[in-house]
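Participant: Quick one, model-v2.csv (CSV, C-alpha atoms):
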chain,number,residue,atom,x,y,z
A,190,MET,CA,14.4,-9.9,-53.2
A,191,ILE,CA,10.8,-9.5,-52.1
A,192,ARG,CA,10.3,-7.9,-48.7
A,193,LYS,CA,7.3,-8.5,-46.4
A,194,PRO,CA,5.3,-5.4,-45.5
A,195,ALA,CA,6.2,-5.7,-41.9
A,196,THR,CA,9.9,-5.6,-42.7
A,197,GLN,CA,9.4,-2.5,-45.0
A,198,PHE,CA,7.4,-0.8,-42.2
A,199,LEU,CA,10.1,-1.5,-39.6
A,200,THR,CA,12.9,-0.3,-41.9
A,201,ALA,CA,11.1,2.9,-42.6
A,202,PHE,CA,10.4,3.4,-38.9
A,203,ILE,CA,14.0,3.0,-38.0
A,204,LEU,CA,15.2,5.3,-40.8
A,205,LEU,CA,12.8,8.0,-39.7
A,206,GLY,CA,14.2,7.9,-36.2
A,207,ILE,CA,17.8,7.9,-37.3
A,208,GLY,CA,17.3,10.6,-39.9
A,209,ASN,CA,15.9,13.1,-37.4
A,210,ALA,CA,18.0,12.5,-34.3
A,211,ALA,CA,17.7,16.1,-32.9
A,212,PHE,CA,15.7,16.6,-29.8
A,213,ALA,CA,12.4,18.5,-30.3
A,214,HIS,CA,12.9,21.2,-27.7
A,215,PRO,CA,16.0,23.4,-27.8
A,216,GLY,CA,15.1,26.9,-29.0
A,217,HIS,CA,12.5,26.9,-31.7
A,218,ASP,CA,10.2,29.6,-33.1
A,219,VAL,CA,6.9,29.0,-31.3
A,220,SER,CA,4.6,31.4,-33.1
A,221,GLY,CA,1.3,29.9,-33.9
A,222,LEU,CA,-0.7,26.8,-34.8
A,223,ALA,CA,1.3,25.6,-37.8
A,224,VAL,CA,4.5,25.5,-35.8
A,225,GLY,CA,2.7,23.8,-32.9
A,226,LEU,CA,1.3,21.2,-35.3
A,227,MET,CA,4.8,20.4,-36.7
A,228,HIS,CA,6.7,20.5,-33.4
A,229,PRO,CA,6.3,16.9,-32.3
A,230,PHE,CA,7.7,15.8,-35.7
A,231,SER,CA,10.8,17.9,-35.3
A,232,GLY,CA,12.5,15.4,-33.0
A,233,PHE,CA,12.0,11.7,-32.6
A,234,ASP,CA,11.9,11.7,-28.8
A,235,HIS,CA,8.4,13.2,-28.8
A,236,MET,CA,7.3,11.3,-31.9
A,237,LEU,CA,8.4,7.9,-30.5
A,238,ALA,CA,6.9,8.5,-27.1
A,239,MET,CA,3.5,9.6,-28.5
A,240,VAL,CA,3.2,6.7,-30.9
A,241,ALA,CA,4.3,4.4,-28.1
A,242,VAL,CA,1.5,5.5,-25.9
A,243,GLY,CA,-0.9,4.5,-28.7
A,244,LEU,CA,0.8,1.2,-29.2
A,245,TRP,CA,0.7,0.4,-25.5
A,246,ALA,CA,-3.0,1.4,-25.3
A,247,ALA,CA,-3.8,-0.9,-28.2
A,248,GLN,CA,-1.9,-3.8,-26.7
A,249,ASN,CA,-3.9,-3.4,-23.4
A,250,GLY,CA,-7.2,-2.8,-25.1
A,251,GLY,CA,-10.4,-2.3,-23.1
A,252,ARG,CA,-10.8,1.1,-21.5
A,253,LYS,CA,-7.0,1.7,-21.5
A,254,ILE,CA,-7.3,2.3,-25.2
A,255,TRP,CA,-8.6,5.7,-24.4
A,256,LEU,CA,-7.4,6.1,-20.8
A,257,LEU,CA,-3.7,6.1,-21.5
A,258,PRO,CA,-3.8,8.7,-24.4
A,259,ALA,CA,-6.2,10.8,-22.3
A,260,ALA,CA,-3.9,10.8,-19.3
A,261,PHE,CA,-0.9,11.7,-21.4
A,262,MET,CA,-2.8,14.6,-23.1
A,263,LEU,CA,-4.2,16.0,-19.8
A,264,MET,CA,-0.9,15.9,-18.1
A,265,MET,CA,0.9,17.2,-21.1
A,266,ALA,CA,-1.3,20.3,-21.0
A,267,ALA,CA,-0.7,20.6,-17.2
A,268,GLY,CA,3.1,20.2,-17.7
A,269,ALA,CA,3.1,23.0,-20.3
A,270,LYS,CA,1.2,25.3,-17.9
A,271,CYS,CA,3.5,24.3,-15.0
A,272,ALA,CA,6.6,25.2,-17.1
A,273,LEU,CA,5.2,28.7,-17.6
A,274,ILE,CA,4.7,29.2,-13.8
A,275,TYR,CA,7.8,27.4,-12.6
A,276,PRO,CA,10.5,27.0,-15.3
A,277,PHE,CA,13.2,25.4,-13.1
A,278,LEU,CA,12.6,21.7,-12.9
A,279,PRO,CA,15.8,19.7,-13.5
A,280,LEU,CA,16.4,16.6,-15.6
A,281,ILE,CA,13.4,17.1,-18.0
A,282,GLU,CA,15.5,15.9,-21.0
A,283,SER,CA,16.5,12.8,-19.1
A,284,GLY,CA,12.9,12.2,-18.1
A,285,ILE,CA,11.8,12.4,-21.7
A,286,ALA,CA,14.5,10.0,-22.9
A,287,ALA,CA,13.5,7.7,-20.1
A,288,SER,CA,9.9,7.9,-21.2
A,289,VAL,CA,10.9,6.6,-24.6
A,290,LEU,CA,12.9,3.8,-23.0
A,291,VAL,CA,10.3,2.7,-20.6
A,292,LEU,CA,7.4,2.9,-23.0
A,293,GLY,CA,9.4,0.8,-25.5
A,294,ILE,CA,10.1,-1.8,-22.9
A,295,VAL,CA,6.5,-2.2,-21.8
A,296,ILE,CA,5.5,-2.6,-25.4
A,297,ALA,CA,8.3,-5.0,-26.3
A,298,LEU,CA,7.3,-7.2,-23.2
A,299,SER,CA,3.6,-6.7,-23.9
A,300,LEU,CA,3.1,-5.7,-20.2
A,301,LYS,CA,-0.4,-5.3,-19.0
A,302,LEU,CA,-0.1,-3.4,-15.8
A,303,PRO,CA,-3.0,-2.5,-13.5
A,304,ALA,CA,-5.0,0.4,-14.9
A,305,ARG,CA,-4.0,2.9,-12.2
A,306,LEU,CA,-0.3,2.1,-12.6
A,307,SER,CA,-0.5,2.3,-16.4
A,308,VAL,CA,-2.3,5.7,-16.2
A,309,ALA,CA,0.2,7.0,-13.6
A,310,ILE,CA,3.2,6.1,-15.8
A,311,THR,CA,1.6,7.6,-18.9
A,312,ALA,CA,0.5,10.7,-17.0
A,313,LEU,CA,4.0,11.3,-15.7
A,314,PHE,CA,5.5,11.0,-19.1
A,315,GLY,CA,2.9,13.3,-20.5
A,316,PHE,CA,3.8,15.9,-17.9
A,317,LEU,CA,7.5,15.7,-18.8
A,318,HIS,CA,6.8,16.2,-22.5
A,319,GLY,CA,4.3,19.0,-21.8
A,320,TYR,CA,6.8,20.7,-19.5
A,321,ALA,CA,9.4,20.7,-22.3
A,322,HIS,CA,6.9,22.2,-24.7
A,323,GLY,CA,5.9,24.8,-22.1
A,324,LEU,CA,9.5,25.9,-21.6
A,325,GLU,CA,9.6,27.0,-25.2
A,326,MET,CA,6.5,29.1,-24.9
A,327,PHE,CA,8.0,32.0,-23.0
A,328,GLY,CA,7.7,35.1,-25.2
A,329,ALA,CA,5.8,33.2,-27.9
A,330,VAL,CA,3.7,35.3,-30.3
A,331,GLU,CA,0.6,33.0,-30.2
A,332,PRO,CA,1.2,30.5,-27.3
A,333,GLU,CA,-2.4,29.2,-27.1
A,334,ALA,CA,-2.4,28.4,-30.9
A,335,TYR,CA,1.0,26.7,-30.5
A,336,ALA,CA,-0.2,24.6,-27.6
A,337,LEU,CA,-3.3,23.7,-29.5
A,338,GLY,CA,-1.1,22.6,-32.4
A,339,PHE,CA,1.2,20.3,-30.4
A,340,LEU,CA,-1.8,18.8,-28.6
A,341,ALA,CA,-3.6,18.1,-31.9
A,342,THR,CA,-0.5,16.4,-33.3
A,343,THR,CA,-0.1,14.4,-30.1
A,344,VAL,CA,-3.6,13.1,-30.6
A,345,ALA,CA,-2.7,12.1,-34.2
A,346,LEU,CA,0.4,10.3,-33.1
A,347,HIS,CA,-1.5,8.4,-30.4
A,348,LEU,CA,-4.1,7.4,-33.0
A,349,ALA,CA,-1.3,6.2,-35.3
A,350,GLY,CA,0.0,4.0,-32.5
A,351,ILE,CA,-3.5,2.7,-31.7
A,352,VAL,CA,-4.3,1.9,-35.4
A,353,THR,CA,-0.9,0.2,-35.8
A,354,GLY,CA,-1.5,-1.9,-32.7
A,355,ILE,CA,-5.0,-2.9,-33.7
A,356,ALA,CA,-4.2,-3.5,-37.4
A,357,THR,CA,-1.3,-5.9,-36.6
A,358,ARG,CA,-3.2,-8.1,-34.1
A,359,VAL,CA,-4.0,-10.8,-36.6
A,360,ARG,CA,-1.3,-11.0,-39.4
A,361,PHE,CA,1.7,-9.3,-37.7
A,362,VAL,CA,1.2,-10.2,-34.1
A,363,HIS,CA,4.8,-9.6,-33.1
A,364,LEU,CA,5.3,-6.3,-35.0
A,365,PRO,CA,4.2,-4.1,-32.0
A,366,GLN,CA,6.8,-5.9,-29.8
A,367,THR,CA,9.4,-5.4,-32.4
A,368,LEU,CA,8.6,-1.7,-32.6
A,369,GLY,CA,8.7,-1.6,-28.8
A,370,ALA,CA,12.2,-3.0,-28.9
A,371,VAL,CA,13.2,-0.4,-31.5
A,372,ILE,CA,11.6,2.4,-29.4
A,373,ALA,CA,13.4,1.1,-26.2
A,374,ALA,CA,16.8,1.0,-28.1
A,375,SER,CA,16.1,4.6,-29.2
A,376,GLY,CA,15.4,5.6,-25.6
A,377,MET,CA,18.7,4.0,-24.5
A,378,TRP,CA,20.5,6.0,-27.2
A,379,LEU,CA,18.8,9.2,-26.2
A,380,LEU,CA,19.8,8.7,-22.6
A,381,SER,CA,23.4,8.1,-23.7
A,382,THR,CA,23.5,11.4,-25.6
A,383,ILE,CA,22.3,13.7,-22.8
Rewrite the structure of this file - the entire thing - as structure tokens.
Facilitator:
Amino acid sequence: MIRKPATQFLTAFILLGIGNAAFAHPGHDVSGLAVGLMHPFSGFDHMLAMVAVGLWAAQNGGRKIWLLPAAFMLMMAAGAKCALIYPFLPLIESGIAASVLVLGIVIALSLKLPARLSVAITALFGFLHGYAHGLEMFGAVEPEAYALGFLATTVALHLAGIVTGIATRVRFVHLPQTLGAVIAASGMWLLSTI
């Protein structure tokens, strides 16, 4: 049986998510750049959200292609800093799972919201993900290098989503929406496990 590239990609994407179902945040060694670079890959909640931001940015096009990832990154850094100052915000895990669900839905439905609303949603989700990272940085050996690492990997995951969204515009028009549905389903599963 010959499979189409889109089917192979979707299958691999789903298997990646199922194979690494642990959240990316509870109690990890946060000493240095290498650990920071790998951290977003250690749990699929972060990985899916970051790729989803890129996919949504590519779907929207125009200036949102850089505005949405930039808002996520900026607020991710702010969230990490906030966690170091005030480490008591509740429901962060639920917010992160909800970010995966909501981003998946907006991609699956190809929603093109006003720029301010899109940036606000993305910024909120970036803050939540950054806050979770920041909570792990207490007592870290090299917290700045760790933060630089997870920010750099976030950029790479955003770019992966953007490239996927742009590359599929002609031949695989519905692939981003299908990926959005998979991401949304993953978000629902994450919420059910909290």
Participant: Neighbouring residues of Leu237 (chain A) were defined as those with any atom within 12 Å, considering all atoms listed in the file; residues of the same chain fewer than 3 positions away were excluded. Please report them as an MDAnalysis selection string.
Facilitator: chainID A and resid 202:203 205:207 209:210 212:213 229:234 240:245 285:293 318 343 346:347 349:350 368:376 379
Participant: Between A:Val359, A:Leu300, A:Val344, A:Met326, which one has atoms that come closest to Asn249 (chain A), using only C-alpha atoms?
Facilitator: A:Leu300
Participant: Separation of CA of Ala297 (chain A) and CA of Leu317 (chain A), in Å?
Facilitator: 22.0 Å
Participant: What separation in Å, quoted to one decimal, exists between CA of His363 (chain A) and CA of Ser307 (chain A)?
Facilitator: 21.2 Å
Participant: Could you work out how far CA of Gly328 (chain A) lies from CA of Phe314 (chain A), giving the answer in Å with one decimal?
Facilitator: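 Pair CA of Phe314 (chain A) / CA of Gly328 (chain A) returns 25.0 Å.
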Participant: Which is closer to Met236 (chain A) than all the others in A:Ala345, A:Met265, A:Ala312, A:Ala304, using all atoms listed in the file?
Facilitator: A:Ala345
Participant: Closest to Thr367 (chain A) among A:Pro303, A:Ile296, A:Ile254, A:Gly221, using all atoms listed in the file?
Facilitator: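 Distance minimum relative to Thr367 (chain A) lands on A:Ile296.
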Participant: Go through A:Pro332, A:Gly354, A:Gly284, A:Gly323 one by one, measure the shortest atom-to-atom distance of each to Lys270 (chain A) using all atoms listed in the file, and give the residue with the smallest value.
Facilitator: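 Of the candidates, the smallest distance to Lys270 (chain A) is held by A:Gly323.
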Participant: Counting only C-alpha atoms, figure out which residue out of A:Ala329, A:Leu256, A:Leu340, A:Ile355 gets nearest to Ile310 (chain A).
Facilitator: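 Checking each candidate against Ile310 (chain A), we get A:Leu256 as the closest.
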Participant: List the residues sitting within 10 Å of (1.6, 24.5, -37.5) in the file's frame, using all atoms listed in the file, as a list of chain:residue names.
Facilitator: A:Val219, A:Ser220, A:Gly221, A:Leu222, A:Ala223, A:Val224, A:Gly225, A:Leu226, A:Met227, A:His228, A:Ala334, A:Tyr335, A:Leu337, A:Gly338, A:Phe339, A:Ala341, A:Thr342
